[in-house]
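Structure data (mmCIF, C-alpha atoms) from final.cif:
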data_entry
#
loop_
_atom_site.label_atom_id
_atom_site.label_comp_id
_atom_site.auth_asym_id
_atom_site.auth_seq_id
_atom_site.Cartn_x
_atom_site.Cartn_y
_atom_site.Cartn_z
CA MET A 1 -20.68 -76.51 44.21
CA ILE A 2 -24.31 -77.66 44.44
CA PHE A 3 -24.86 -80.80 42.37
CA SER A 4 -27.96 -82.42 40.91
CA TYR A 5 -28.64 -85.77 39.27
CA PRO A 6 -31.37 -87.49 37.22
CA GLY A 7 -33.80 -90.10 38.51
CA LEU A 8 -34.27 -91.67 41.92
CA ASN A 9 -30.77 -92.93 42.67
CA PRO A 10 -27.65 -90.75 42.97
CA PRO A 11 -24.92 -92.03 40.63
CA GLN A 12 -21.71 -93.47 41.98
CA THR A 13 -19.74 -90.58 40.50
CA LEU A 14 -21.60 -88.19 42.80
CA ILE A 15 -21.10 -90.46 45.81
CA SER A 16 -17.37 -90.55 45.10
CA LEU A 17 -17.15 -86.75 44.69
CA ILE A 18 -18.94 -86.27 48.01
CA SER A 19 -16.68 -88.72 49.80
CA HIS A 20 -13.65 -86.71 48.65
CA GLY A 21 -14.98 -83.31 49.69
CA GLU A 22 -15.71 -82.01 46.19
CA VAL A 23 -19.40 -81.26 46.84
CA ALA A 24 -20.94 -78.56 49.04
CA GLY A 25 -24.47 -79.84 48.58
CA VAL A 26 -27.17 -81.41 46.46
CA ILE A 27 -30.44 -79.97 45.15
CA PHE A 28 -33.43 -82.30 44.78
CA PHE A 29 -36.31 -82.15 42.30
CA ALA A 30 -39.59 -84.02 42.00
CA GLU A 31 -37.96 -86.55 39.65
CA ASN A 32 -35.59 -87.53 42.49
CA ILE A 33 -38.44 -88.35 44.89
CA SER A 34 -40.87 -91.27 44.81
CA SER A 35 -41.74 -91.11 48.51
CA LYS A 36 -40.47 -89.53 51.69
CA ASP A 37 -39.03 -92.85 52.84
CA GLN A 38 -37.12 -93.20 49.57
CA LEU A 39 -35.75 -89.67 49.92
CA ARG A 40 -34.66 -90.35 53.52
CA ARG A 41 -32.72 -93.40 52.30
CA VAL A 42 -31.01 -91.36 49.59
CA ILE A 43 -30.10 -88.61 52.05
CA ASN A 44 -28.66 -91.20 54.44
CA THR A 45 -26.53 -92.55 51.59
CA LEU A 46 -25.25 -89.08 50.73
CA SER A 47 -24.61 -88.24 54.39
CA ASP A 48 -22.66 -91.47 54.86
CA ALA A 49 -20.50 -90.52 51.87
CA ALA A 50 -19.89 -87.08 53.38
CA ALA A 51 -18.77 -88.74 56.62
CA ALA A 52 -16.14 -90.87 54.86
CA PRO A 53 -12.59 -90.53 56.21
CA THR A 54 -11.47 -89.42 52.73
CA ASN A 55 -13.53 -86.22 53.07
CA PRO A 56 -11.46 -83.42 54.62
CA VAL A 57 -14.57 -81.26 55.22
CA LYS A 58 -16.09 -82.26 58.55
CA ALA A 59 -19.49 -80.64 58.09
CA PRO A 60 -22.87 -81.76 56.77
CA LEU A 61 -23.85 -81.38 53.16
CA LEU A 62 -26.28 -78.66 52.14
CA LEU A 63 -29.36 -80.65 51.12
CA MET A 64 -31.78 -78.32 49.39
CA ILE A 65 -35.03 -78.09 47.52
CA ASP A 66 -37.38 -75.45 46.05
CA GLN A 67 -40.32 -75.63 48.45
CA GLU A 68 -41.98 -72.25 48.09
CA GLY A 69 -45.61 -73.35 48.28
CA GLY A 70 -48.32 -73.38 45.66
CA ARG A 71 -47.09 -74.63 42.29
CA VAL A 72 -43.41 -74.60 43.27
CA ARG A 73 -43.09 -77.63 45.53
CA HIS A 74 -40.93 -80.67 44.80
CA LEU A 75 -41.54 -82.51 48.07
CA PRO A 76 -45.08 -83.73 48.82
CA GLY A 77 -46.74 -81.77 51.61
CA GLU A 78 -46.42 -78.35 53.16
CA PRO A 79 -46.45 -75.50 52.50
CA VAL A 80 -49.53 -75.85 50.31
CA LEU A 81 -50.55 -72.20 49.93
CA SER A 82 -48.76 -70.06 47.35
CA GLU A 83 -47.27 -66.74 48.43
CA LYS A 84 -50.07 -64.91 46.63
CA LYS A 85 -52.70 -66.90 48.54
CA ILE A 86 -50.89 -66.16 51.82
CA GLY A 87 -50.92 -62.46 50.98
CA GLN A 88 -54.68 -62.64 50.34
CA ALA A 89 -55.49 -64.60 53.52
CA ASP A 90 -57.60 -63.20 56.36
CA ASP A 91 -54.50 -63.11 58.56
CA PRO A 92 -51.46 -63.03 56.25
CA PRO A 93 -48.76 -62.82 58.99
CA ALA A 94 -50.19 -65.88 60.73
CA GLU A 95 -50.39 -67.77 57.43
CA ALA A 96 -46.79 -66.86 56.52
CA ASN A 97 -45.60 -67.99 59.93
CA ARG A 98 -47.56 -71.23 59.61
CA ALA A 99 -46.17 -71.86 56.12
CA GLY A 100 -42.61 -71.42 57.38
CA THR A 101 -43.13 -73.73 60.33
CA ASP A 102 -44.84 -76.39 58.24
CA ALA A 103 -42.20 -76.19 55.52
CA GLY A 104 -39.48 -76.56 58.13
CA LEU A 105 -41.12 -79.58 59.72
CA ASN A 106 -41.69 -81.19 56.33
CA LEU A 107 -38.13 -80.68 55.07
CA HIS A 108 -36.44 -81.45 58.38
CA GLY A 109 -38.48 -84.63 58.62
CA VAL A 110 -36.73 -86.13 55.59
CA GLY A 111 -33.28 -84.70 56.31
CA LEU A 112 -33.28 -81.61 54.09
CA ASN A 113 -31.66 -78.54 55.63
CA VAL A 114 -32.03 -75.72 53.04
CA ASP A 115 -35.20 -74.35 51.45
CA LEU A 116 -34.70 -72.19 48.36
CA ALA A 117 -37.52 -69.96 49.58
CA PRO A 118 -39.08 -67.47 50.13
CA VAL A 119 -39.42 -65.39 46.97
CA LEU A 120 -39.19 -61.73 48.00
CA ASP A 121 -39.99 -60.21 44.61
CA VAL A 122 -42.44 -57.30 44.77
CA PHE A 123 -44.61 -57.70 41.68
CA ARG A 124 -45.51 -54.58 39.71
CA LYS A 125 -48.44 -55.65 37.52
CA ALA A 126 -51.05 -58.38 37.71
CA GLY A 127 -50.11 -61.21 35.37
CA GLY A 128 -46.38 -60.42 35.45
CA PHE A 129 -43.76 -63.14 35.88
CA ASP A 130 -44.11 -63.51 39.65
CA ASP A 131 -47.84 -62.86 39.88
CA ARG A 132 -48.58 -65.27 37.05
CA PHE A 133 -47.20 -68.17 39.08
CA GLU A 134 -48.43 -66.75 42.43
CA ARG A 135 -44.82 -66.39 43.61
CA SER A 136 -45.14 -62.94 45.19
CA TYR A 137 -46.86 -62.03 48.44
CA SER A 138 -47.88 -58.57 47.29
CA SER A 139 -47.18 -55.49 45.19
CA ASP A 140 -46.61 -53.64 48.49
CA PRO A 141 -42.96 -53.89 49.62
CA ASP A 142 -43.93 -53.49 53.28
CA VAL A 143 -46.25 -56.49 53.04
CA VAL A 144 -43.61 -58.59 51.28
CA SER A 145 -41.09 -57.55 53.93
CA GLU A 146 -43.33 -58.60 56.81
CA LEU A 147 -44.57 -61.88 55.35
CA GLY A 148 -41.16 -62.92 54.03
CA SER A 149 -39.59 -62.28 57.42
CA ASN A 150 -42.32 -64.29 59.15
CA PHE A 151 -41.69 -67.24 56.83
CA ILE A 152 -37.91 -67.02 57.27
CA GLU A 153 -37.96 -66.88 61.06
CA ALA A 154 -40.44 -69.76 61.36
CA LEU A 155 -38.58 -71.94 58.84
CA GLN A 156 -35.19 -71.41 60.47
CA GLU A 157 -36.64 -72.11 63.90
CA GLU A 158 -37.17 -75.66 62.62
CA GLY A 159 -33.50 -76.06 61.67
CA VAL A 160 -33.91 -75.38 57.94
CA ALA A 161 -32.00 -72.48 56.37
CA ALA A 162 -34.05 -70.02 54.33
CA THR A 163 -33.02 -68.48 51.00
CA ALA A 164 -34.32 -65.05 50.03
CA LYS A 165 -34.63 -64.71 46.26
CA HIS A 166 -34.17 -63.33 43.57
CA PHE A 167 -31.96 -60.36 44.53
CA PRO A 168 -32.19 -57.53 43.61
CA GLY A 169 -35.71 -58.50 42.59
CA LEU A 170 -37.68 -59.84 39.62
CA GLY A 171 -40.91 -58.06 40.51
CA ALA A 172 -40.73 -55.83 37.43
CA ALA A 173 -40.44 -58.78 35.03
CA THR A 174 -43.28 -59.15 32.55
CA ARG A 175 -45.12 -62.38 31.88
CA VAL A 176 -42.54 -63.61 29.36
CA GLU A 177 -39.39 -62.33 31.09
CA ASN A 178 -38.20 -65.62 32.54
CA THR A 179 -34.45 -65.94 33.14
CA ASP A 180 -34.73 -69.72 33.04
CA LEU A 181 -35.57 -69.41 29.34
CA ARG A 182 -33.97 -66.25 27.97
CA PRO A 183 -31.93 -63.14 28.77
CA VAL A 184 -33.89 -60.55 30.74
CA THR A 185 -33.06 -56.87 31.17
CA LEU A 186 -35.08 -54.96 33.78
CA ASN A 187 -34.97 -51.23 33.17
CA VAL A 188 -35.85 -50.23 36.69
CA SER A 189 -34.39 -47.04 38.11
CA LYS A 190 -31.99 -47.21 41.03
CA THR A 191 -34.50 -45.17 43.03
CA SER A 192 -37.24 -47.72 42.38
CA LEU A 193 -34.98 -50.67 43.13
CA ARG A 194 -33.99 -49.19 46.47
CA ALA A 195 -37.44 -47.89 47.45
CA ILE A 196 -39.34 -51.05 46.47
CA ASP A 197 -37.27 -54.13 45.65
CA ASP A 198 -34.59 -53.76 48.33
CA LEU A 199 -36.94 -53.39 51.29
CA PRO A 200 -37.86 -57.09 51.66
CA TYR A 201 -34.17 -58.06 51.50
CA GLN A 202 -33.24 -55.62 54.23
CA ALA A 203 -36.07 -57.07 56.35
CA ALA A 204 -34.91 -60.62 55.57
CA ILE A 205 -31.33 -59.79 56.56
CA ASP A 206 -32.59 -58.23 59.78
CA ALA A 207 -34.56 -61.46 60.37
CA GLY A 208 -31.34 -63.50 60.04
CA VAL A 209 -31.85 -65.11 56.64
CA GLU A 210 -28.96 -67.50 55.98
CA LEU A 211 -28.79 -67.43 52.17
CA VAL A 212 -29.63 -65.01 49.37
CA MET A 213 -30.08 -66.14 45.76
CA VAL A 214 -29.04 -63.56 43.16
CA SER A 215 -30.97 -63.34 39.90
CA TRP A 216 -29.68 -63.72 36.34
CA ALA A 217 -31.51 -60.62 35.10
CA THR A 218 -29.49 -57.57 34.08
CA TYR A 219 -30.20 -54.26 35.85
CA PRO A 220 -28.74 -51.35 33.82
CA ALA A 221 -29.29 -48.93 36.71
CA LEU A 222 -26.74 -50.98 38.68
CA ASP A 223 -24.59 -52.70 36.05
CA ALA A 224 -25.45 -52.53 32.35
CA LYS A 225 -22.84 -55.09 31.31
CA SER A 226 -23.51 -58.22 33.38
CA PRO A 227 -26.36 -60.29 34.80
CA ALA A 228 -26.67 -59.69 38.54
CA GLY A 229 -25.01 -62.96 39.52
CA PHE A 230 -21.93 -62.03 37.48
CA SER A 231 -21.79 -58.46 38.82
CA SER A 232 -19.51 -57.45 41.67
CA VAL A 233 -21.53 -54.22 41.80
CA VAL A 234 -24.74 -56.10 42.59
CA VAL A 235 -23.20 -58.76 44.84
CA GLY A 236 -20.44 -56.78 46.49
CA GLN A 237 -21.54 -53.16 46.56
CA GLU A 238 -25.32 -53.58 46.79
CA LEU A 239 -25.88 -56.80 48.76
CA ARG A 240 -22.72 -57.00 50.87
CA ASP A 241 -21.70 -53.38 51.42
CA ARG A 242 -24.97 -51.44 51.30
CA LEU A 243 -27.37 -54.02 52.80
CA HIS A 244 -24.68 -55.59 55.03
CA PHE A 245 -25.48 -59.21 54.19
CA ASP A 246 -22.75 -61.46 55.59
CA GLY A 247 -24.35 -64.84 54.91
CA VAL A 248 -24.04 -67.19 51.94
CA THR A 249 -24.93 -66.19 48.38
CA VAL A 250 -26.13 -68.77 45.86
CA THR A 251 -26.57 -68.43 42.11
CA ASP A 252 -29.71 -69.31 40.24
CA ALA A 253 -29.34 -72.24 37.81
CA LEU A 254 -25.98 -72.04 36.03
CA ALA A 255 -27.55 -73.52 32.88
CA ALA A 256 -30.26 -70.83 32.70
CA GLY A 257 -31.27 -69.52 29.28
CA ALA A 258 -30.39 -66.01 30.44
CA LEU A 259 -26.70 -67.01 30.23
CA LYS A 260 -26.65 -68.45 26.72
CA ALA A 261 -24.21 -65.74 25.58
CA TRP A 262 -21.86 -66.25 28.53
CA GLY A 263 -19.79 -69.20 27.40
CA THR A 264 -19.12 -72.59 28.92
CA THR A 265 -20.04 -73.94 32.32
CA GLN A 266 -16.42 -73.47 33.40
CA HIS A 267 -16.41 -69.84 32.31
CA ARG A 268 -19.75 -69.11 33.99
CA ALA A 269 -18.56 -70.63 37.27
CA ILE A 270 -15.46 -68.42 37.25
CA LEU A 271 -17.50 -65.29 36.47
CA ALA A 272 -19.91 -66.01 39.33
CA ALA A 273 -17.08 -66.62 41.80
CA GLN A 274 -15.25 -63.48 40.67
CA ALA A 275 -18.43 -61.48 41.30
CA GLY A 276 -18.57 -62.76 44.87
CA MET A 277 -21.06 -65.62 44.58
CA ASP A 278 -20.44 -68.35 47.15
CA LEU A 279 -22.45 -71.37 46.00
CA ILE A 280 -22.74 -72.33 42.33
CA LEU A 281 -26.04 -74.05 41.52
CA CYS A 282 -25.55 -76.82 38.96
CA SER A 283 -29.16 -77.93 38.65
CA SER A 284 -29.40 -79.44 35.16
CA ARG A 285 -29.66 -82.98 36.64
CA ASN A 286 -26.28 -83.90 35.24
CA VAL A 287 -23.30 -84.58 37.51
CA SER A 288 -20.89 -83.60 34.74
CA GLU A 289 -22.16 -80.00 34.93
CA GLY A 290 -20.88 -79.78 38.50
CA GLU A 291 -17.61 -81.43 37.52
CA GLN A 292 -17.10 -78.87 34.75
CA ALA A 293 -17.83 -76.02 37.14
CA ILE A 294 -15.30 -77.43 39.62
CA ALA A 295 -12.70 -77.58 36.85
CA GLY A 296 -13.41 -73.92 36.10
CA LEU A 297 -12.93 -72.86 39.71
CA GLN A 298 -9.75 -74.90 40.03
CA LYS A 299 -8.35 -73.24 36.92
CA GLY A 300 -9.41 -69.78 38.08
CA TYR A 301 -7.81 -70.28 41.48
CA ALA A 302 -4.60 -71.67 40.00
CA ASP A 303 -4.12 -68.79 37.58
CA GLY A 304 -4.91 -66.09 40.14
CA ARG A 305 -8.34 -64.94 38.93
CA LEU A 306 -9.95 -66.14 42.18
CA THR A 307 -8.25 -64.78 45.29
CA ASP A 308 -9.51 -63.26 48.55
CA THR A 309 -13.19 -63.22 47.56
CA PHE A 310 -13.00 -66.91 46.72
CA VAL A 311 -11.36 -67.83 50.03
CA GLY A 312 -13.98 -65.80 51.90
CA ALA A 313 -16.72 -67.76 50.13
CA LEU A 314 -15.22 -71.05 51.29
CA HIS A 315 -15.20 -69.88 54.91
CA ARG A 316 -18.84 -68.71 54.73
CA ILE A 317 -19.99 -72.00 53.22
CA ILE A 318 -18.20 -74.15 55.79
CA GLU A 319 -19.55 -71.97 58.60
CA LEU A 320 -23.11 -72.43 57.30
CA ARG A 321 -22.68 -76.17 56.97
CA SER A 322 -21.19 -76.46 60.46
CA ASN A 323 -23.94 -74.32 61.99
CA LEU A 324 -26.63 -76.44 60.38
CA GLY A 325 -24.98 -79.54 61.78
CA SER A 326 -24.88 -78.04 65.29
CA ARG A 327 -28.51 -76.96 64.99
CA GLU A 328 -29.54 -80.45 63.89
CA ARG A 329 -27.91 -81.97 66.94
CA ALA A 330 -29.57 -79.41 69.20
CA ILE A 331 -33.14 -80.01 67.95
CA VAL A 332 -35.06 -82.38 70.20
CA ARG A 333 -38.46 -83.63 69.10
#
Starting from the file, lay out its structure as structure tokens.
Amino acid sequence: MIFSYPGLNPPQTLISLISHGEVAGVIFFAENISSKDQLRRVINTLSDAAAAPTNPVKAPLLLMIDQEGGRVRHLPGEPVLSEKKIGQADDPPAEANRAGTDAGLNLHGVGLNVDLAPVLDVFRKAGGFDDRFERSYSSDPDVVSELGSNFIEALQEEGVAATAKHFPGLGAATRVENTDLRPVTLNVSKTSLRAIDDLPYQAAIDAGVELVMVSWATYPALDAKSPAGFSSVVVGQELRDRLHFDGVTVTDALAAGALKAWGTTQHRAILAAQAGMDLILCSSRNVSEGEQAIAGLQKGYADGRLTDTFVGALHRIIELRSNLGSRERAIVR
């Protein structure tokens, strides 16, 4: 479970949950940060809680942020350029590499170890959802593949795990098709998804990306019944089996408007875990959201709805956390 909280100071309830091994990680937003020094102090507090003898999980927390560049940056500093601006630069591969390096240095410098970036959506039309916010490198899948891989490799070289998103792609979304706000159905053919949207993810996997975020849009060509993050077809058959991704999957925000017809937080957490999602992103800045999701997973595991897939997720998450801890100790500045 990835938790979030309001304001500048993590509440004692979150500290207690961390110290007892109930938390995989924490996501930070601009409202949680007044300065880099303040954020370092908070991260030290959370890390101390994770190191408590009451915590049976002997691995660092996943400490994450959306630091894509351009308008989507919650931590002051790099990367400054949006993906669109990188794609339009005189030397896009060099700019993508620089953005990844600078993002890694910036995040690592305050103790963060996961960036929920890069966006690998291949936008279809100017002014669409991704292009509107300059969150896509290009409408050319080969360009997105190259620049995304450059960013990923440079970021991870600095000890920060990259997250490719939003699988299987939001590039076809129109200006108003925003899963944060409402349900979105993308009527893209399977041929188009595989010829265009999949290519950057295959390149990212080949580049060693550590996490993939799955979107909350529905793709009838793959699964007409469920949003991607609730679909074992999308997560298991497409991402795991066909693209051979063996890293950690993470949901988009569990409180997203796209899921308004999908019941309670507990129910949504179970559906995501059943589909094969590893990390559940509880990003509504309310610790109780994460607690409710935990209760859902506990219930699902106890009654047999979560079995081998769920256990596999736990092993992948602990392996990622342990590897990030080893990498942190190995980095010498």
Which residues of region 202-258 of chain A come within 12 Å of region 271-279 of chain A, and what is each one's closest atom pair and distance in Å (one decimal), counting only C-alpha atoms, sorted by chain and residue number, as a Markdown table?
| residue | atom | partner | partner_atom | distance |
| --- | --- | --- | --- | --- |
| A:Leu211 | CA | A:Leu279 | CA | 9.7 |
| A:Val212 | CA | A:Met277 | CA | 9.8 |
| A:Met213 | CA | A:Met277 | CA | 9.1 |
| A:Val214 | CA | A:Met277 | CA | 8.4 |
| A:Ser215 | CA | A:Met277 | CA | 11.2 |
| A:Trp216 | CA | A:Ala272 | CA | 10.5 |
| A:Asp223 | CA | A:Ala275 | CA | 11.9 |
| A:Ser226 | CA | A:Leu271 | CA | 9.8 |
| A:Pro227 | CA | A:Ala272 | CA | 9.7 |
| A:Ala228 | CA | A:Ala275 | CA | 8.9 |
| A:Gly229 | CA | A:Ala272 | CA | 5.9 |
| A:Phe230 | CA | A:Ala272 | CA | 4.8 |
| A:Ser231 | CA | A:Ala275 | CA | 5.2 |
| A:Ser232 | CA | A:Ala275 | CA | 4.2 |
| A:Val233 | CA | A:Ala275 | CA | 7.9 |
| A:Val234 | CA | A:Ala275 | CA | 8.4 |
| A:Val235 | CA | A:Gly276 | CA | 6.1 |
| A:Gly236 | CA | A:Gly276 | CA | 6.5 |
| A:Gln237 | CA | A:Gly276 | CA | 10.2 |
| A:Glu238 | CA | A:Gly276 | CA | 11.6 |
| A:Leu239 | CA | A:Gly276 | CA | 10.2 |
| A:Arg240 | CA | A:Gly276 | CA | 9.3 |
| A:Asp241 | CA | A:Gly276 | CA | 11.9 |
| A:Asp246 | CA | A:Asp278 | CA | 11.1 |
| A:Gly247 | CA | A:Asp278 | CA | 9.4 |
| A:Val248 | CA | A:Asp278 | CA | 6.1 |
| A:Thr249 | CA | A:Asp278 | CA | 5.1 |
| A:Val250 | CA | A:Leu279 | CA | 4.5 |
| A:Thr251 | CA | A:Leu279 | CA | 6.4 |
| A:Asp252 | CA | A:Leu279 | CA | 9.5 |
| A:Ala253 | CA | A:Leu279 | CA | 10.7 |
| A:Leu254 | CA | A:Ala272 | CA | 9.2 |
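CA of Gln38 (chain A) to CA of Ala255 (chain A) spans 27.5 Å [interatomic distance, one decimal].
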- Query: To one decimal place, how far is CA of Tyr219 (chain A) from CA of Thr163 (chain A) in Å?
  - Reply: 21.0 Å
- Return as a PyMOL selection string the set of residues that the PyMOL selection byres ((chain A and resi 143-158) around 7) yields on the displayed structure. chain A and resi 93+96-97+99-101+103-105+118+120+122+137-138+140-142+159-162+199-200+203-204+207+209
- Query: Which residues, written as number ranges by chain, have at least one atom at most 6 Å from region 79-90 of chain A, with all atoms listed in the file counted and residues fewer than 2 positions away on the same chain left out?
  - Reply: A: 69-70, 92, 95, 99, 103, 134-137
- Message: Excluding Pro53 (chain A) and its own-chain neighbours fewer than 3 positions away, which residues fall within 9 Å of it when counting all atoms listed in the file? Please give them as a ChimeraX atom specification.
- Response: /A:19-20,50,56
Within 8 Å of Gln67 (chain A), counting all atoms listed in the file, which residues qualify if same-chain residues fewer than 4 places away don't, as a short mmCIF file (atom, residue, chain, number, x, y, z; two decimals) with C-alpha atoms, in the frame of the given file?
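That gives us around16.cif:
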data_model
loop_
_atom_site.label_atom_id
_atom_site.label_comp_id
_atom_site.auth_asym_id
_atom_site.auth_seq_id
_atom_site.Cartn_x
_atom_site.Cartn_y
_atom_site.Cartn_z
CA VAL A 72 -43.41 -74.60 43.27
CA ARG A 73 -43.09 -77.63 45.53
CA HIS A 74 -40.93 -80.67 44.80
CA LEU A 75 -41.54 -82.51 48.07
CA PRO A 79 -46.45 -75.50 52.50
CA ALA A 103 -42.20 -76.19 55.52
CA ASP A 115 -35.20 -74.35 51.45
CA LEU A 116 -34.70 -72.19 48.36
CA ALA A 117 -37.52 -69.96 49.58
#
- Query: Residues picked by the PyMOL selection byres ((chain A and resi 178) around 12) here, as JSON, numbers by chain?
  - Reply: {"A": [128, 129, 130, 132, 133, 166, 170, 171, 172, 173, 174, 175, 176, 177, 179, 180, 181, 182, 183, 184, 185, 186, 215, 216, 217, 218, 256, 257, 258, 259]}
Pop region 134-151 of chain A out of the structure in the block and write N, CA and C atoms as a compact mmCIF listing (two decimals), in the first residue's frame.
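decode03.txt, written as the output of this step:
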# COMPACT_ATOMS: atom_id res chain seq x y z
N GLU A 134 1.37 18.83 -22.24
CA GLU A 134 2.77 18.62 -22.68
C GLU A 134 3.38 17.39 -22.01
N ARG A 135 2.57 16.32 -21.86
CA ARG A 135 3.02 15.12 -21.16
C ARG A 135 3.38 13.98 -22.10
N SER A 136 3.56 14.28 -23.38
CA SER A 136 3.96 13.26 -24.33
C SER A 136 5.14 13.78 -25.15
N TYR A 137 6.13 12.90 -25.35
CA TYR A 137 7.30 13.29 -26.14
C TYR A 137 6.95 13.53 -27.60
N SER A 138 6.00 12.74 -28.13
CA SER A 138 5.79 12.77 -29.57
C SER A 138 4.56 11.96 -29.95
N SER A 139 4.10 12.16 -31.18
CA SER A 139 3.07 11.30 -31.76
C SER A 139 3.69 10.14 -32.53
N ASP A 140 5.00 10.06 -32.51
CA ASP A 140 5.75 8.98 -33.17
C ASP A 140 6.19 7.98 -32.11
N PRO A 141 5.70 6.74 -32.16
CA PRO A 141 6.05 5.77 -31.11
C PRO A 141 7.54 5.47 -31.03
N ASP A 142 8.25 5.57 -32.14
CA ASP A 142 9.70 5.32 -32.10
C ASP A 142 10.41 6.42 -31.32
N VAL A 143 9.96 7.65 -31.49
CA VAL A 143 10.55 8.76 -30.74
C VAL A 143 10.26 8.62 -29.25
N VAL A 144 9.00 8.31 -28.91
CA VAL A 144 8.65 8.12 -27.50
C VAL A 144 9.46 6.98 -26.90
N SER A 145 9.65 5.91 -27.66
CA SER A 145 10.43 4.77 -27.19
C SER A 145 11.86 5.18 -26.86
N GLU A 146 12.48 5.91 -27.77
CA GLU A 146 13.88 6.30 -27.57
C GLU A 146 14.03 7.28 -26.41
N LEU A 147 13.21 8.32 -26.38
CA LEU A 147 13.36 9.35 -25.35
C LEU A 147 12.97 8.82 -23.97
N GLY A 148 11.91 8.01 -23.93
CA GLY A 148 11.52 7.42 -22.65
C GLY A 148 12.61 6.52 -22.09
N SER A 149 13.22 5.73 -22.96
CA SER A 149 14.30 4.84 -22.51
C SER A 149 15.51 5.63 -22.04
N ASN A 150 15.82 6.72 -22.72
CA ASN A 150 16.93 7.57 -22.29
C ASN A 150 16.69 8.13 -20.90
N PHE A 151 15.47 8.61 -20.66
CA PHE A 151 15.12 9.16 -19.35
C PHE A 151 15.21 8.08 -18.28
